[in-house]
Amino acid sequence: MVHLAVPMAETLTFPSLQYRAMAPILIVLGAAVLGVVVEALVPQAARRAVQLAVTLGGLATALVFVVATPGSELGVVAGGTLAIDGPGLFLQMTILVVAIAAMLVVAERRVDPAGDAFAPRASSLVGSGEEQEQTRRGWSQTEVWPLSLFAVGGMLLFVTANDLLILFLALEVMSLPLYLLAGMARRRRLLSQEAAMKYFLLGSFASAFLLYGSAMLFGYAGSLDFAAIADAFRDKPGQLGLQVIGLTLLGAGLLFKAAAVPFHMWAPDVYQGAPTPITGFMAGAVKVAAFGALLRVMYVALGGAAWEWQPAFWVIASVTMLVGVVLAVTSSDIKRMLAYSSVAHAGFLLLGVVAFSTAGLSATMFYLLAYGLTTVGAFAVVMLVRGPSGEAGHLSSWAGLGRTSPVLAGVFALFLLALAGIPLTSGFTAKFGVFAAAIEAGGVWPVIAAVVASAISAFFYLKVIVLMFFARPGPDAPAVVVPSLLTTTAIGVAVVATLLLGVFPQAFLDLASGSTPFLR
Amino acid sequence: MNPTNYLVLSAILFSIGAAGVLVRRNAIVVFMCIELMLNASNLAFVTFARMNGTLDGQVVAFFVMVVAAAEVVVGLAIIVTIFRTRNSASVDEPNLLRL
């Protein structure tokens, strides 16, 4: 008989909540709830404008609060569950900027004769009489806005979570709306629904792994708190089984969201099937949130076990880059190619994570800012190039785009060069940072793999550029939609950021390195 | 009774769930297997809470139950929509997304 000491009447002390430090998260989630109310109460004609105002207003207010957070508010707040620190605020700022740009693209209504890129009612049967009737009467739902806001709220929470429970909750608050958003495309609904189902089943599978890993770490450390787990790794030898199982499963759950090999299978399917504005949002903002959480977990909670996870992560990073670029070379669909390129970028980002140093942390954060904005811009351009039955996905239909619409093709070429990491674009500065941090940490071979992967990646990015500017337009040449001010602004922001972070990166590099290190 | 037995049970349940996700073909059954994995984690959390003498693990179990309920709402919405379109909930049949 084992006697177990469980306190029978443990007094619960209510934690003091620092509302100023938590304000951005509360504002975004509050705006999401307001959006649900708007959906129910505001008449059809005015609903879209009100939702747009609530969404952009909420995100912009939250951004102001993040940027204006006074230094005195920094710290571990809400009873130790949230760490509002330099990296947390930098990542929250990045998520909000990327989300605002992505929401401007989501709001675009000129891409389709019937309106925006989303199904009027995602639940009604494709092509049914019911759906035609709804389209004829112009009945449409605008739940894409509150869902996106909930996802952003989850991301803001995810990058500041300082506790295994909050980490899991934030992951789910972020993911559940995204599963639904992936299935809401107006055109090619079957593909979109298939993407939603794959994303949902694989995403929940990964969340279950993360949760079981959290349970093992809780069993090992006796606490959910990241700082307490770090102390346990330092002071409490033994129970290697719990340590290793917990670390592996938790890492697998996080690497799934980051789309690193071997947990990348969902990325191409989901990126291709989801509505393109949502793909841009996912590729940009989810990547930031996933790597933000990964950085905090690995640096704060599992920092004491770096010798356990670093070797595995060097291998995962190298394999992710190489697999990503090789698969990108073989794909003939533009969204699929960008998806595999995002897998490759996950590998480059992992180099910064595995470096396990202040330099690695700030380089990864800078990379996320640069990559997030460039990606949102690239997917916005993909959305504008359309054939008769929706977006011109196949690469062959992009031939000669530089002759018919030189400005758009030029902008897309800039984004591709940035993704390839050509000097004077943000991608070069970002890659240089993570490579330098990885070399400093002794990862010479992974960096050689990264340089090889970059060289291969330049091939398929330049292939698209050559196709756009030096090939003749085919018979099925797509039409380019002239976007409204909303998308133009988003693409403009992405172009400016891509050039600014490439030509004058110093201010942002200083901001990123000044934001380190993590508080615990 | 030795609490380690509950951990063994939770590991068995988790493995059954994970294996079910990989081998079963009906989306609803796959989803049920994922729920089984979540509940196995709950059991592990509660057992560790008892072994460590803290209440944190039991609190986690409540939150996970709420999250699982929310996941059912989202998951069934997606699966039912697919079923209405295709008259099947097989995870193999939707295979339009490829190179």
# chains A, B, ... in the order shown; residues from 1 in each chain; ligands from 1
call {"tool": "select_by_dssp", "arguments": {"residues": "chain B", "states": "helix (DSSP H, G or I)", "output": "ChimeraX atom specification"}}
result
/B:4-23,27-52,56-86
call {"tool": "residues_around", "arguments": {"residues": "region 41-49 of chain B", "least_positions_apart": "5", "cutoff": "6 Å", "atoms": "only C-alpha atoms", "output": "VMD selection string"}}
result
(chain A and resid 212 215 219) or (chain B and resid 7 10 54 to 55 57 to 58 61)
call {"tool": "interface_residues", "arguments": {"of": "chain A", "to": "chain B", "cutoff": "6 Å", "atoms": "only C-alpha atoms", "output": "VMD selection string"}}
result
chain A and resid 5 to 6 194 205 208 212 215 219 222 269 331
call {"tool": "residues_around", "arguments": {"residues": "Ala23 (chain A)", "least_positions_apart": "6", "cutoff": "10 Å", "atoms": "only C-alpha atoms", "output": "count of residues only"}}
result
6
call {"tool": "residues_around", "arguments": {"residues": "Asp112 (chain A)", "least_positions_apart": "5", "cutoff": "9 Å", "atoms": "only C-alpha atoms", "output": "PyMOL selection string"}}
result
chain A and resi 117+186+390+481
call {"tool": "write_last_selection", "arguments": {"atoms": "C-alpha atoms", "output": "compact mmCIF listing (two decimals), in the first residue's frame"}}
result
# COMPACT_ATOMS: atom_id res chain seq x y z
CA ALA A 117 -12.81 34.29 -51.94
CA ARG A 186 -15.79 29.63 -52.73
CA GLY A 390 -10.58 30.34 -60.37
CA VAL A 481 -7.41 41.03 -61.38
call {"tool": "closest_residue", "arguments": {"among": "A:Leu240, A:Ala49, A:Ala285, A:Met197", "to": "Asp92 (chain B)", "atoms": "only C-alpha atoms"}}
result
A:Met197
call {"tool": "decode", "arguments": {"residues": "region 52-96 of chain A", "atoms": "N, CA and C atoms", "output": "CSV table (one decimal), in the first residue's frame"}}
result
chain,number,residue,atom,x,y,z
A,52,LEU,N,-15.3,44.1,-40.9
A,52,LEU,CA,-14.0,44.6,-41.3
A,52,LEU,C,-13.5,45.6,-40.3
A,53,ALA,N,-14.4,46.6,-39.9
A,53,ALA,CA,-13.9,47.6,-39.0
A,53,ALA,C,-13.6,47.0,-37.6
A,54,VAL,N,-14.4,46.0,-37.1
A,54,VAL,CA,-14.1,45.4,-35.8
A,54,VAL,C,-12.8,44.7,-35.9
A,55,THR,N,-12.5,43.9,-37.0
A,55,THR,CA,-11.3,43.1,-37.1
A,55,THR,C,-10.1,44.0,-37.2
A,56,LEU,N,-10.1,44.9,-38.2
A,56,LEU,CA,-8.9,45.7,-38.3
A,56,LEU,C,-8.7,46.6,-37.1
A,57,GLY,N,-9.8,47.2,-36.6
A,57,GLY,CA,-9.7,48.0,-35.4
A,57,GLY,C,-9.1,47.3,-34.2
A,58,GLY,N,-9.6,46.0,-34.0
A,58,GLY,CA,-9.1,45.2,-32.9
A,58,GLY,C,-7.7,44.9,-33.0
A,59,LEU,N,-7.3,44.5,-34.2
A,59,LEU,CA,-5.8,44.2,-34.5
A,59,LEU,C,-4.9,45.4,-34.3
A,60,ALA,N,-5.4,46.5,-34.9
A,60,ALA,CA,-4.6,47.7,-34.8
A,60,ALA,C,-4.4,48.2,-33.4
A,61,THR,N,-5.6,48.2,-32.6
A,61,THR,CA,-5.5,48.6,-31.2
A,61,THR,C,-4.5,47.7,-30.4
A,62,ALA,N,-4.6,46.4,-30.7
A,62,ALA,CA,-3.7,45.5,-30.0
A,62,ALA,C,-2.3,45.7,-30.3
A,63,LEU,N,-2.0,46.1,-31.6
A,63,LEU,CA,-0.7,46.4,-32.0
A,63,LEU,C,-0.1,47.6,-31.3
A,64,VAL,N,-1.0,48.6,-31.2
A,64,VAL,CA,-0.6,49.9,-30.5
A,64,VAL,C,-0.2,49.5,-29.0
A,65,PHE,N,-1.1,48.7,-28.4
A,65,PHE,CA,-0.8,48.3,-27.0
A,65,PHE,C,0.5,47.5,-26.9
A,66,VAL,N,0.8,46.6,-27.9
A,66,VAL,CA,2.0,45.8,-27.8
A,66,VAL,C,3.2,46.7,-27.9
A,67,VAL,N,3.2,47.7,-28.9
A,67,VAL,CA,4.3,48.5,-29.2
A,67,VAL,C,4.6,49.5,-28.0
A,68,ALA,N,3.4,49.9,-27.3
A,68,ALA,CA,3.6,50.9,-26.3
A,68,ALA,C,3.7,50.3,-24.9
A,69,THR,N,3.9,48.9,-24.8
A,69,THR,CA,4.0,48.3,-23.5
A,69,THR,C,5.2,48.9,-22.7
A,70,PRO,N,5.0,49.5,-21.6
A,70,PRO,CA,6.1,50.1,-20.8
A,70,PRO,C,7.0,49.0,-20.2
A,71,GLY,N,8.2,49.3,-20.1
A,71,GLY,CA,9.2,48.3,-19.6
A,71,GLY,C,8.8,47.8,-18.2
A,72,SER,N,8.1,48.7,-17.4
A,72,SER,CA,7.8,48.3,-16.1
A,72,SER,C,6.8,47.1,-16.1
A,73,GLU,N,6.0,46.9,-17.2
A,73,GLU,CA,5.0,45.9,-17.2
A,73,GLU,C,5.6,44.5,-17.6
A,74,LEU,N,6.9,44.5,-18.0
A,74,LEU,CA,7.5,43.2,-18.5
A,74,LEU,C,7.6,42.3,-17.3
A,75,GLY,N,7.4,41.0,-17.5
A,75,GLY,CA,7.5,40.1,-16.4
A,75,GLY,C,6.7,38.9,-16.6
A,76,VAL,N,6.7,38.0,-15.7
A,76,VAL,CA,5.9,36.8,-15.8
A,76,VAL,C,4.6,37.1,-15.0
A,77,VAL,N,3.5,37.1,-15.7
A,77,VAL,CA,2.2,37.6,-15.2
A,77,VAL,C,1.2,36.5,-15.1
A,78,ALA,N,0.0,36.9,-14.5
A,78,ALA,CA,-1.1,36.0,-14.4
A,78,ALA,C,-0.7,34.7,-13.7
A,79,GLY,N,-0.2,34.9,-12.5
A,79,GLY,CA,0.2,33.7,-11.7
A,79,GLY,C,1.2,32.8,-12.3
A,80,GLY,N,2.1,33.4,-13.1
A,80,GLY,CA,3.2,32.6,-13.7
A,80,GLY,C,2.8,31.9,-15.0
A,81,THR,N,1.6,32.1,-15.5
A,81,THR,CA,1.2,31.4,-16.7
A,81,THR,C,1.6,32.1,-18.0
A,82,LEU,N,1.8,33.4,-18.0
A,82,LEU,CA,2.2,34.1,-19.2
A,82,LEU,C,3.5,34.9,-19.0
A,83,ALA,N,4.4,34.9,-20.0
A,83,ALA,CA,5.6,35.6,-19.9
A,83,ALA,C,5.5,36.7,-20.9
A,84,ILE,N,5.3,38.0,-20.4
A,84,ILE,CA,5.3,39.1,-21.3
A,84,ILE,C,6.7,39.7,-21.2
A,85,ASP,N,7.6,39.2,-22.1
A,85,ASP,CA,8.9,39.7,-22.1
A,85,ASP,C,9.3,40.2,-23.5
A,86,GLY,N,10.6,40.5,-23.7
A,86,GLY,CA,11.0,41.1,-25.0
A,86,GLY,C,10.7,40.2,-26.2
A,87,PRO,N,11.1,39.0,-26.2
A,87,PRO,CA,10.8,38.1,-27.3
A,87,PRO,C,9.3,37.9,-27.5
A,88,GLY,N,8.6,37.8,-26.4
A,88,GLY,CA,7.1,37.7,-26.5
A,88,GLY,C,6.5,38.9,-27.2
A,89,LEU,N,6.9,40.1,-26.8
A,89,LEU,CA,6.3,41.3,-27.4
A,89,LEU,C,6.7,41.4,-28.9
A,90,PHE,N,8.0,41.1,-29.2
A,90,PHE,CA,8.5,41.2,-30.6
A,90,PHE,C,7.6,40.2,-31.4
A,91,LEU,N,7.4,39.0,-30.9
A,91,LEU,CA,6.7,38.0,-31.7
A,91,LEU,C,5.2,38.4,-31.8
A,92,GLN,N,4.6,39.0,-30.7
A,92,GLN,CA,3.3,39.4,-30.8
A,92,GLN,C,3.1,40.5,-31.8
A,93,MET,N,4.1,41.4,-31.9
A,93,MET,CA,4.1,42.5,-32.9
A,93,MET,C,4.1,41.9,-34.3
A,94,THR,N,5.0,41.0,-34.5
A,94,THR,CA,5.1,40.3,-35.8
A,94,THR,C,3.8,39.7,-36.2
A,95,ILE,N,3.2,38.9,-35.3
A,95,ILE,CA,2.0,38.3,-35.6
A,95,ILE,C,0.9,39.3,-36.0
A,96,LEU,N,0.8,40.4,-35.2
A,96,LEU,CA,-0.2,41.4,-35.5
A,96,LEU,C,0.0,42.0,-36.8
